[in-house]
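Worksheet: the structure to be examined is printed underneath.
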Amino acid sequence: MGRFHRHDGPEGHGHSHDHDHDHHHGVGDLSGYATADDRVEVLERIFGENERVGALNRADLDLAGAIAVNMMSSPGAGKTSLLAASLRWLTERHRVGVIEGDIETALDAERLAGLGAVVELINTGQGFGGECHLDAPMVRRALTRLPLAELDLVIVENVGNLVCPAEFDVGAHARVMVYSVTEGEEKPLKYPVMFRCADLVLVNKVDLLPHLDVDLAEFYKNLARVNPGVDTIETSARTGQGVAAFCAWVSARVPAGAIRR
Amino acid sequence: MHELSLCGAIAEIVTRRAGDRRVQVVHLQIGQLRQVVPDALTFCWTMLTEDTDLDGSTLDVDRVAAVLTCRTCGTRSDLPDPPAFACVGCGGLDVAIEAGEEFAVTALDLIPV
């Protein structure tokens, strides 16, 4: 009899369990015990690898004295327009990089070129299952293509999608969600994970309010249900309303300090 | 959603932890707040594992309901529908999500040798 002789239940030390093999157990040999051998406790988070790479991204940014901001929204809410309107203000004060994520085309990246920031494009259309959102490994690859040591601020424009991007840490220090007033009042209740993960919600296209029946007070009430106390700024890329306030919010988070050369 | 890529991540964990043993069941914990559709996940798993060492293995999903704990008064409550992240007891907004964000491989049932 081996030294180690464990039973799964409270039964005594009799040998009523059936084995169809020899009963000699060596020290540490659990081969006779179906339960111990055939069930493996794993306890591993499925997003663990992505979180690990996200933390690496953040660490590299910290080392470079820079921060990253993850901009998310549904398609067409106005991320690119707001970004285009903001880059002049931001690049006057900081050295800015943009990581542009789209399933297909370089259209957004092209729109943002020539506004003072370095722009890197990620097209997710070719990736294995990586289409509808950016994840940390994708952003990491884009970060390696940016002159990180010479940047203070990296803005990641995520794929337009209200569901999946909220699940994936990309290594940003802050998350900005762009919501358009044309989307109605109830989105925060339908997409609580996205609205809750935001540090700032930009309430965009407010120049259209006279043409809409949207109840903005109701929207703010719903937003408060899922993300109480979140910062909000009403914006319009077209008129410029709120753009400076948005830039100031981002700028306040850029680390002051040594500029690395 | 992108259940296929999630299955890829699950398969990586399973393959690593199973070693050279064949797998019968992969036990998963999926919290209510995770935007994953279990049926789509199991469908993609079948597709992904076909003709591999994991062929024939199944996913067993344990769904975990979202539970909030108020940091002000200590009240624990289920997340209401539609969702609200506030305390049902004192109305406080400082709540912790005690359960509902899980997304993990918890255990494997291996095929006995």
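Each chain in the structure tokens gets a letter, A, B, ..., in the order shown, and its residues are numbered from 1; ligands are numbered from 1 in order too.
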task = For range 39-45 of chain B, list every protein, DNA or RNA residue within 12 Å, evaluated using only C-alpha atoms, and leave out those in the same chain fewer than 4 positions away; present the list as a PyMOL selection string.
result = (chain A and resi 129) or (chain B and resi 1-11+14+25-28+30+35+49-52+54-61)
request  = Do a neighbour search on range 76-90 of chain B at 8 Å with only C-alpha atoms, toss out local chain neighbours closer than 4 positions, and write the hits as a list of chain:residue names.
outcome  = A:Leu189, A:Lys190, A:Pro192, A:Arg225, A:Val226, A:Asn227, A:Pro228, B:Ala65, B:Ala66, B:Val67, B:Leu68, B:Thr69, B:Cys70, B:Thr72, B:Asp94, B:Val95
Using the selection just defined, write its residues with C-alpha atoms as a PDB file, in the first residue's frame.
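Listed below is the output, part18.pdb:
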ATOM      1  CA  LEU A 189     -29.093  50.911 -20.129  1.00  0.00           C
ATOM      2  CA  LYS A 190     -28.624  48.712 -23.179  1.00  0.00           C
ATOM      3  CA  PRO A 192     -23.965  49.292 -19.512  1.00  0.00           C
ATOM      4  CA  ARG A 225     -27.619  54.625 -13.305  1.00  0.00           C
ATOM      5  CA  VAL A 226     -24.700  52.791 -14.851  1.00  0.00           C
ATOM      6  CA  ASN A 227     -21.790  55.160 -14.255  1.00  0.00           C
ATOM      7  CA  PRO A 228     -22.661  57.530 -11.432  1.00  0.00           C
TER       8      PRO A 228
ATOM      9  CA  ALA B  65     -25.135  36.612 -11.508  1.00  0.00           C
ATOM     10  CA  ALA B  66     -24.033  40.171 -10.890  1.00  0.00           C
ATOM     11  CA  VAL B  67     -23.976  41.163  -7.225  1.00  0.00           C
ATOM     12  CA  LEU B  68     -23.312  44.649  -5.905  1.00  0.00           C
ATOM     13  CA  THR B  69     -22.042  45.560  -2.458  1.00  0.00           C
ATOM     14  CA  CYS B  70     -22.527  49.059  -1.148  1.00  0.00           C
ATOM     15  CA  THR B  72     -21.377  52.936   2.372  1.00  0.00           C
ATOM     16  CA  ASP B  94     -20.180  53.894  -4.175  1.00  0.00           C
ATOM     17  CA  VAL B  95     -20.824  50.263  -4.991  1.00  0.00           C
TER      18      VAL B  95
END
key: Nearby residues (only C-alpha atoms) at most 7 Å from Ala174 in chain A, same-chain spacing under 3 positions excluded, as number ranges by chain   = A: 68-70, 199
query = For chain A, which residues have at least one atom within 9 Å of chain B, if we go by only C-alpha atoms? Write them as a ChimeraX atom specification, please.
reply = /A:34,37-49,128-132,163-164,167,188-190,192-193,222,224-229
Restricted to N, CA and C atoms, what would the selected residues look like written as a compact mmCIF listing (two decimals), in the first residue's frame?
# COMPACT_ATOMS: atom_id res chain seq x y z
N ALA A 34 -9.05 8.29 -9.59
CA ALA A 34 -9.70 8.92 -10.75
C ALA A 34 -9.96 10.40 -10.50
N ASP A 37 -6.77 12.58 -10.44
CA ASP A 37 -6.00 12.57 -11.66
C ASP A 37 -6.74 13.22 -12.82
N ASP A 38 -8.06 13.10 -12.84
CA ASP A 38 -8.79 13.46 -14.04
C ASP A 38 -9.43 14.83 -13.98
N ARG A 39 -9.37 15.49 -12.85
CA ARG A 39 -9.90 16.84 -12.78
C ARG A 39 -8.76 17.79 -12.45
N VAL A 40 -8.55 18.74 -13.32
CA VAL A 40 -7.47 19.70 -13.14
C VAL A 40 -8.07 21.07 -12.84
N GLU A 41 -7.69 21.60 -11.71
CA GLU A 41 -8.15 22.95 -11.39
C GLU A 41 -7.30 23.94 -12.18
N VAL A 42 -7.94 24.89 -12.83
CA VAL A 42 -7.19 25.79 -13.71
C VAL A 42 -7.22 27.23 -13.18
N LEU A 43 -8.42 27.76 -13.00
CA LEU A 43 -8.61 29.11 -12.45
C LEU A 43 -7.78 30.14 -13.19
N GLU A 44 -7.90 30.16 -14.50
CA GLU A 44 -7.19 31.17 -15.29
C GLU A 44 -8.16 32.08 -15.99
N ARG A 45 -7.93 33.39 -15.87
CA ARG A 45 -8.81 34.34 -16.53
C ARG A 45 -8.51 34.35 -18.02
N ILE A 46 -9.57 34.28 -18.80
CA ILE A 46 -9.42 34.18 -20.25
C ILE A 46 -8.85 35.45 -20.85
N PHE A 47 -9.15 36.57 -20.21
CA PHE A 47 -8.59 37.83 -20.68
C PHE A 47 -7.22 38.09 -20.06
N GLY A 48 -6.69 37.11 -19.33
CA GLY A 48 -5.44 37.31 -18.61
C GLY A 48 -4.30 37.72 -19.51
N GLU A 49 -4.17 37.07 -20.65
CA GLU A 49 -3.07 37.40 -21.55
C GLU A 49 -3.22 38.82 -22.07
N PHE A 128 -7.17 37.27 -36.92
CA PHE A 128 -7.98 36.11 -36.55
C PHE A 128 -8.93 36.52 -35.44
N GLY A 129 -10.19 36.69 -35.78
CA GLY A 129 -11.17 37.05 -34.77
C GLY A 129 -10.94 38.40 -34.16
N GLY A 130 -10.03 39.18 -34.69
CA GLY A 130 -9.72 40.44 -34.04
C GLY A 130 -10.40 41.60 -34.71
N GLU A 131 -11.52 41.37 -35.30
CA GLU A 131 -12.06 42.39 -36.20
C GLU A 131 -12.77 43.54 -35.54
N CYS A 132 -13.57 43.26 -34.51
CA CYS A 132 -14.55 44.24 -34.08
C CYS A 132 -14.07 45.13 -32.95
N VAL A 163 -20.05 47.38 -28.14
CA VAL A 163 -20.03 46.18 -27.29
C VAL A 163 -18.60 45.76 -26.94
N CYS A 164 -17.89 45.29 -27.94
CA CYS A 164 -16.64 44.58 -27.67
C CYS A 164 -15.47 45.41 -27.15
N GLU A 167 -14.55 45.46 -23.46
CA GLU A 167 -14.02 44.27 -22.79
C GLU A 167 -12.51 44.19 -22.83
N PRO A 188 -27.28 53.90 -22.50
CA PRO A 188 -26.54 53.47 -21.30
C PRO A 188 -27.14 52.23 -20.66
N LEU A 189 -28.46 52.07 -20.75
CA LEU A 189 -29.09 50.91 -20.13
C LEU A 189 -28.89 49.67 -20.97
N LYS A 190 -28.78 49.86 -22.28
CA LYS A 190 -28.62 48.71 -23.18
C LYS A 190 -27.17 48.28 -23.30
N PRO A 192 -24.52 48.79 -20.77
CA PRO A 192 -23.96 49.29 -19.51
C PRO A 192 -22.46 49.11 -19.39
N VAL A 193 -21.93 48.03 -19.98
CA VAL A 193 -20.50 47.78 -19.82
C VAL A 193 -19.70 48.89 -20.49
N ASN A 222 -30.09 58.07 -17.17
CA ASN A 222 -29.72 56.69 -17.47
C ASN A 222 -28.22 56.48 -17.33
N ALA A 224 -26.32 58.05 -15.29
CA ALA A 224 -26.02 58.04 -13.86
C ALA A 224 -26.36 56.70 -13.22
N ARG A 225 -27.28 55.95 -13.84
CA ARG A 225 -27.62 54.63 -13.31
C ARG A 225 -26.46 53.65 -13.48
N VAL A 226 -25.73 53.80 -14.58
CA VAL A 226 -24.70 52.79 -14.85
C VAL A 226 -23.29 53.30 -14.56
N ASN A 227 -23.11 54.61 -14.56
CA ASN A 227 -21.79 55.16 -14.25
C ASN A 227 -21.98 56.46 -13.49
N PRO A 228 -22.38 56.32 -12.22
CA PRO A 228 -22.66 57.53 -11.43
C PRO A 228 -21.42 58.39 -11.30
N GLY A 229 -21.59 59.67 -11.56
CA GLY A 229 -20.48 60.59 -11.33
C GLY A 229 -19.47 60.68 -12.45
task = Check the DSSP output for the backbone and give back, as a ChimeraX atom specification, the residues of range 46-86 of chain B in helix (DSSP H, G or I).
result = /B:46-49
Could you write out the selected residues, including C-alpha atoms, as a PDB file, in the first residue's frame?
ATOM      1  CA  THR B  46     -17.023  22.827 -31.815  1.00  0.00           C
ATOM      2  CA  MET B  47     -15.864  24.535 -34.992  1.00  0.00           C
ATOM      3  CA  LEU B  48     -12.476  25.481 -33.623  1.00  0.00           C
ATOM      4  CA  THR B  49     -11.610  22.109 -32.073  1.00  0.00           C
TER       5      THR B  49
END
DSSP strand (DSSP E or B) residues within chain B, as a ChimeraX atom specification = /B:23-31,58-64,67-70,76-78,95-99,103-110
Those residues you just picked out, can you put them in a file as a PDB file, in the first residue's frame with C-alpha atoms?
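Saved file result00.pdb follows:
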ATOM      1  CA  VAL B  23      -9.933  16.745 -22.452  1.00  0.00           C
ATOM      2  CA  GLN B  24     -13.563  15.810 -21.899  1.00  0.00           C
ATOM      3  CA  VAL B  25     -15.057  18.971 -20.390  1.00  0.00           C
ATOM      4  CA  VAL B  26     -13.811  22.546 -20.055  1.00  0.00           C
ATOM      5  CA  HIS B  27     -15.486  24.257 -17.117  1.00  0.00           C
ATOM      6  CA  LEU B  28     -15.966  28.002 -17.569  1.00  0.00           C
ATOM      7  CA  GLN B  29     -17.272  30.731 -15.339  1.00  0.00           C
ATOM      8  CA  ILE B  30     -18.992  33.578 -17.188  1.00  0.00           C
ATOM      9  CA  GLY B  31     -20.296  36.550 -15.244  1.00  0.00           C
ATOM     10  CA  THR B  58     -17.299  20.328 -24.546  1.00  0.00           C
ATOM     11  CA  LEU B  59     -17.701  23.619 -22.698  1.00  0.00           C
ATOM     12  CA  ASP B  60     -19.630  23.658 -19.461  1.00  0.00           C
ATOM     13  CA  VAL B  61     -20.654  27.206 -18.593  1.00  0.00           C
ATOM     14  CA  ASP B  62     -21.378  28.296 -15.049  1.00  0.00           C
ATOM     15  CA  ARG B  63     -23.141  31.665 -15.255  1.00  0.00           C
ATOM     16  CA  VAL B  64     -22.522  34.006 -12.341  1.00  0.00           C
ATOM     17  CA  VAL B  67     -23.976  41.163  -7.225  1.00  0.00           C
ATOM     18  CA  LEU B  68     -23.312  44.649  -5.905  1.00  0.00           C
ATOM     19  CA  THR B  69     -22.042  45.560  -2.458  1.00  0.00           C
ATOM     20  CA  CYS B  70     -22.527  49.059  -1.148  1.00  0.00           C
ATOM     21  CA  ARG B  76     -25.580  43.358  -1.022  1.00  0.00           C
ATOM     22  CA  SER B  77     -28.002  43.226  -3.905  1.00  0.00           C
ATOM     23  CA  ASP B  78     -28.551  41.713  -7.310  1.00  0.00           C
ATOM     24  CA  VAL B  95     -20.824  50.263  -4.991  1.00  0.00           C
ATOM     25  CA  ALA B  96     -18.433  47.421  -5.618  1.00  0.00           C
ATOM     26  CA  ILE B  97     -19.164  44.739  -8.156  1.00  0.00           C
ATOM     27  CA  GLU B  98     -18.749  41.678  -6.024  1.00  0.00           C
ATOM     28  CA  ALA B  99     -19.691  39.162  -8.687  1.00  0.00           C
ATOM     29  CA  PHE B 103     -14.547  35.082 -17.358  1.00  0.00           C
ATOM     30  CA  ALA B 104     -12.296  32.184 -16.595  1.00  0.00           C
ATOM     31  CA  VAL B 105     -11.466  28.585 -17.217  1.00  0.00           C
ATOM     32  CA  THR B 106     -12.060  27.080 -13.793  1.00  0.00           C
ATOM     33  CA  ALA B 107     -11.284  23.394 -14.315  1.00  0.00           C
ATOM     34  CA  LEU B 108     -10.810  20.611 -16.821  1.00  0.00           C
ATOM     35  CA  ASP B 109     -12.249  17.119 -16.774  1.00  0.00           C
ATOM     36  CA  LEU B 110      -9.700  14.896 -18.453  1.00  0.00           C
TER      37      LEU B 110
END
8 Å contact set for Leu87 in chain A, only C-alpha atoms, chain neighbours under 6 positions out, as JSON, numbers by chain = {"A": [115, 116, 117]}
Serialized selection, N, CA and C atoms, as a PDB file, in the first residue's frame:
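Contents of out-v3.pdb, freshly written:
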ATOM      1  N   LEU A 115      -2.228  66.875 -39.267  1.00  0.00           N
ATOM      2  CA  LEU A 115      -2.775  67.773 -38.243  1.00  0.00           C
ATOM      3  C   LEU A 115      -1.827  67.919 -37.075  1.00  0.00           C
ATOM      4  N   GLY A 116      -0.612  67.447 -37.233  1.00  0.00           N
ATOM      5  CA  GLY A 116       0.409  67.661 -36.210  1.00  0.00           C
ATOM      6  C   GLY A 116       0.738  66.444 -35.384  1.00  0.00           C
ATOM      7  N   ALA A 117       0.004  65.366 -35.625  1.00  0.00           N
ATOM      8  CA  ALA A 117       0.271  64.154 -34.844  1.00  0.00           C
ATOM      9  C   ALA A 117       0.847  63.076 -35.745  1.00  0.00           C
TER      10      ALA A 117
END
query = CA of Ile233 in chain A and CA of Arg93 in chain A, how far apart in Å?
reply = 20.6 Å
d(CA of Val203 in chain A, CA of Val181 in chain A) in Å = 6.5 Å
query = Using only C-alpha atoms, which residue out of A:Leu223, A:Leu143, A:Cys197, A:Ala55 lies closest to Val98 in chain A?
reply =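 Once distances to Val98 in chain A are computed over only C-alpha atoms, the minimum belongs to A:Leu143.
The residue set within 12 Å of Arg52 in chain A, counting only C-alpha atoms and dropping same-chain residues fewer than 2 places from it, reads Arg45, Ile46, Phe47, Gly48, Glu49, Asn50, Gly54, Ala55, Leu56, Asn57, Arg58, Ala59, Asp135, Ala136, Pro137, Arg140, Phe168, Asp169, Val170 and Gly171 of chain A.
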note = Correct to one decimal, the distance CA of Leu216 in chain A-CA of Met72 in chain A is 20.2 Å
message = Would you pick out the contacts of range 100-109 of chain A at 7 Å or less, using only C-alpha atoms, so that residues sharing its chain but fewer than 2 positions from it are not included, and give the list as a PyMOL selection string?
response = chain A and resi 80+98+111-113+119-125+131-132+134+156-159
